[in-house]
Amino acid sequence: MVKVVPNSILLVDKSMNFANILSKIKDKPKIISLDIFSHDELLKQAIIHEKLEDYLDKNDEELINKLMLIKSHEWYTQKEISNILQFENMNLGWLLELEITPYFLKILKNFLGIIRIINKENPSMIISSDFLISMARSIIKDKKIKLESHFSDKPEGLSFDKVGIPICLGKKTFTFWISRKHALKIKFFIESVTNSFFSFNHKSQKESILLLDFNPTIYNKFLKELSGINREIIILNERRPAIWNYESLKIIINSNVKILRLKNFLNKKTKLTILKRQKELEINIQKFFESDIHEDFFSVEGYSFWPSIKDHFISICLERFNEAIERFELSKELFSKLNITSLLTLYPSAPEEKMLIHCAQKFKIPGIVLQHGLHPQSSHLDTFLKVFPYLPTTGMKYAAWGAEFKNYLCTIGISAEDIILSGHPKYDEFFQIKNNCKNNGTILLASSILSEMEYSGINTTVFEQFKKILENICIITTKIPNKKLIVKLHPGQPTSYDVKPIIYGVNPSTPIFKNINILDLMKNCDVLVSIGPSTVLLEAMILNKPTITYPVEPQWWYEDKIFQSGATIIVKTPKEFEDAINKILFDKQFRNSLIEKGKKFVEQYLTNPENSSKFLATYLKNK
């Protein structure tokens with residue numbers, strides 16, 4: 001039993017079994033939750049507590065965002081480490097920008113929060129996990145504060161440490177989130193089977209187009225168009241297999257697409273080179289990171305969090321950099337043996353794509369980035385341009401959906417000569433079926449905000465707003481006669497926070513989907529409701545569906561063109577939402593007016609409607 005001294009605090013997060021800890025504590029300390037998961041659990045148990053956000057103000061939030069960008073994008077450019085990380089005229093640290101940003105965001109929020117808690121509460125004792133106690137130890141310095149650790153943990157990993165594996169059972173698809181290591185093993189096994197039927201001669205010198213991380217079920221028409229331009233079409237997916245269900249298998253067969261694995265280019269000589277270069281880098285990194293010169297850089301207000309993350313950060317770097325070295329050497333073999341004339345990618349900021357693109361550029365292979373989402377634009381978001389995963393690597397073309405986004409890209413420094421007005425191949429199907437859509441009495445609620453908050457570190461206060469919005473939408477729509485709410489969650493990120501209790505608490509019969517193609521739900525809905533800005537707004541407008549946006553903390557979103565155009569109704573309160581959805585459903589004139597505004601926005605934002613696949617295929621054929 002832990003004897004608690006007066007003025008003690010207990011810091012809890014989702015990694016801890018704090019119910020077990022509380023049972024061992026004789027006198028209850030002040031409890032502070034550091035995330036939405038522990039906050040919710042404490043609420044369920046009716047345990048009085050404070051939130052980390054109660055100790056952080058607006059200035060602190062701005063400081064966290066500023067430091068997040070600095071720590072994520074400047075750590076590897078420091079003079080002492082930059083030379084060690086140089087590899088084939090590239091700094092290996094650059095590969096991690098996309099994943100390391102949310103990693104530092106979560107750490108900085110907790111670290112600054114603990115600083116504020118200690119300064120305000122001046123506790124005599126802090127009880128928490130190993131990792132949080134190590135942070136507190138770096139902060140207390142000469143203060144006489146007793147530290148008690150009751151749970152062994154470590155910092156959370158990177159965003160791509162978990163991979164979703166879709167499993168089809170009849171008409172339903174379920175996603176199982178497993179570790180990156182195990183996911184790659186499964187991917188290797190699946191590709192070993194499928195590639196025995198769909199691989200090709202690696203000595204072929206036929207002109208080829210290489211597609212990086214493409215989902216055949218989304219780009220079916222594009223693959224068909226490419227198959228007719230007298231080029232070998234090759235898909236190379238480094239994270240998930242290209243063939244993962246019967247539909248994707250049919251598309252690959254019908255399009256005559258070839259599946260490629262980098263591992264197929266591994267030989268004895270290359271393997272020795274990879275092991276030698278990995279060992280050299282590991283020795284240099286370990287030696288360098290053993291010094292304490294990093295403590296100043298990894299610090300906040302004179303307190304260093306480097307001792308807390310040191311071992312974990314080193315292991316992250318070594319794992320990702322070893323993968324990158326192997327990927328580069330195998331990519332050299334690929335580009336040496338195959339006649340790749342063009343490279344297309346959707347995710348130029350992902351570490352796998354970054355290395356492949358870097359190697360391709362050494363072989364002077366041109367590349368194109370395909371816009372794959374409706375990216376909100378505002379002066380606030382411009383601050384985080386480095387974080388955005390859609391900006392093209394230098395030397396690549398950008399296939400934009402239309403003039404609106406082209407103009408924006410030009411304002412942030414991308415040359416107009418490097419921008420192709422292509423439209424979006426995925427939406428060819430949307431335009432083809434838009435006149436055959438029906439209204440079947442469903443209200444489709446779509447939300448990507450959950451995955452976005454999980455990626456960036458969930459703010460408990462903001463998440464409480466999300467939960468309330470979600471609950472209000474469910475309550476209001478349940479009252480509407482002859483209408484049925486259906487919910488579509490974003491499939492892109494592992495969501496450890498379960499929203500089902502919120503939805504089922506209002507109506508247990510509400511259908512909730514995650515992996516189903518949203519087009520199947522959207523094409524026959526009466527109205528689409530989005531919590532926050534999302535590409536689904538544009539997709540609904542293509543199908544002539546009216547939309548409502550009910551955002552969490554909406555201030556800066558109003559600057560985006562889709563909201564300024566009036567093409568979607570923005571609501572801020574339950575009353576505004578109730579009025580808006582009833583007008584859309586039962587006021588025909590109002591509904592048609594909103595649909596017309598949506599059509600106008602689509603015309604302005606998307607070029608080559610219905611013909612984007614053909615346009616891009618022709619463009620590549622002529623290159």
# chains A, B, ... in the order shown; residues from 1 in each chain; ligands from 1

$ residues_around --residues "A:Ile117" --least-positions-apart "4" --cutoff "7 Å" --atoms "only C-alpha atoms" --output "short mmCIF file (atom, residue, chain, number, x, y, z; two decimals) with all heavy atoms, in the first residue's frame"
data_model
loop_
_atom_site.label_atom_id
_atom_site.label_comp_id
_atom_site.auth_asym_id
_atom_site.auth_seq_id
_atom_site.Cartn_x
_atom_site.Cartn_y
_atom_site.Cartn_z
N TYR A 55 -4.57 22.95 -17.31
CA TYR A 55 -3.33 23.62 -16.91
C TYR A 55 -2.64 24.30 -18.09
O TYR A 55 -1.58 24.90 -17.93
CB TYR A 55 -2.37 22.60 -16.28
CG TYR A 55 -2.87 22.02 -14.98
CD1 TYR A 55 -3.74 20.93 -14.97
CD2 TYR A 55 -2.51 22.58 -13.76
CE1 TYR A 55 -4.22 20.40 -13.78
CE2 TYR A 55 -2.97 22.05 -12.55
CZ TYR A 55 -3.83 20.96 -12.58
OH TYR A 55 -4.30 20.45 -11.39
N GLY A 113 2.75 20.17 -20.07
CA GLY A 113 1.67 20.04 -19.11
C GLY A 113 2.17 19.71 -17.72
O GLY A 113 1.70 20.27 -16.72
N GLU A 121 0.68 23.35 -8.78
CA GLU A 121 0.29 22.55 -7.62
C GLU A 121 1.38 22.46 -6.56
O GLU A 121 1.08 22.21 -5.38
CB GLU A 121 -0.10 21.14 -8.08
CG GLU A 121 -1.27 21.07 -9.06
CD GLU A 121 -2.57 21.49 -8.42
OE1 GLU A 121 -2.65 21.55 -7.17
OE2 GLU A 121 -3.53 21.77 -9.17
#

$ residues_around --residues "A:Phe563" --least-positions-apart "2" --cutoff "12 Å" --atoms "only C-alpha atoms" --output "ChimeraX atom specification"
/A:376-378,532-534,537-538,547-551,554-561,565-571,597-598,601

$ residues_around --residues "stretch 251-255 of chain A" --least-positions-apart "5" --cutoff "9 Å" --atoms "only C-alpha atoms" --output "list in words"
Phe198, Pro216, Thr217, Asn220, Leu223, Lys224, Glu225, Leu226, Ser227, Gly228, Ile233, Ala242, Ile243 and Tyr246 of chain A

$ closest_residue --among "A:Leu620, A:Met541, A:Ile518, A:Ile139" --to "A:Val602" --atoms "only C-alpha atoms"
A:Met541

$ atom_distance --atom1 "atom CA of A:Glu578" --atom2 "atom CA of A:Phe430"
28.8 Å
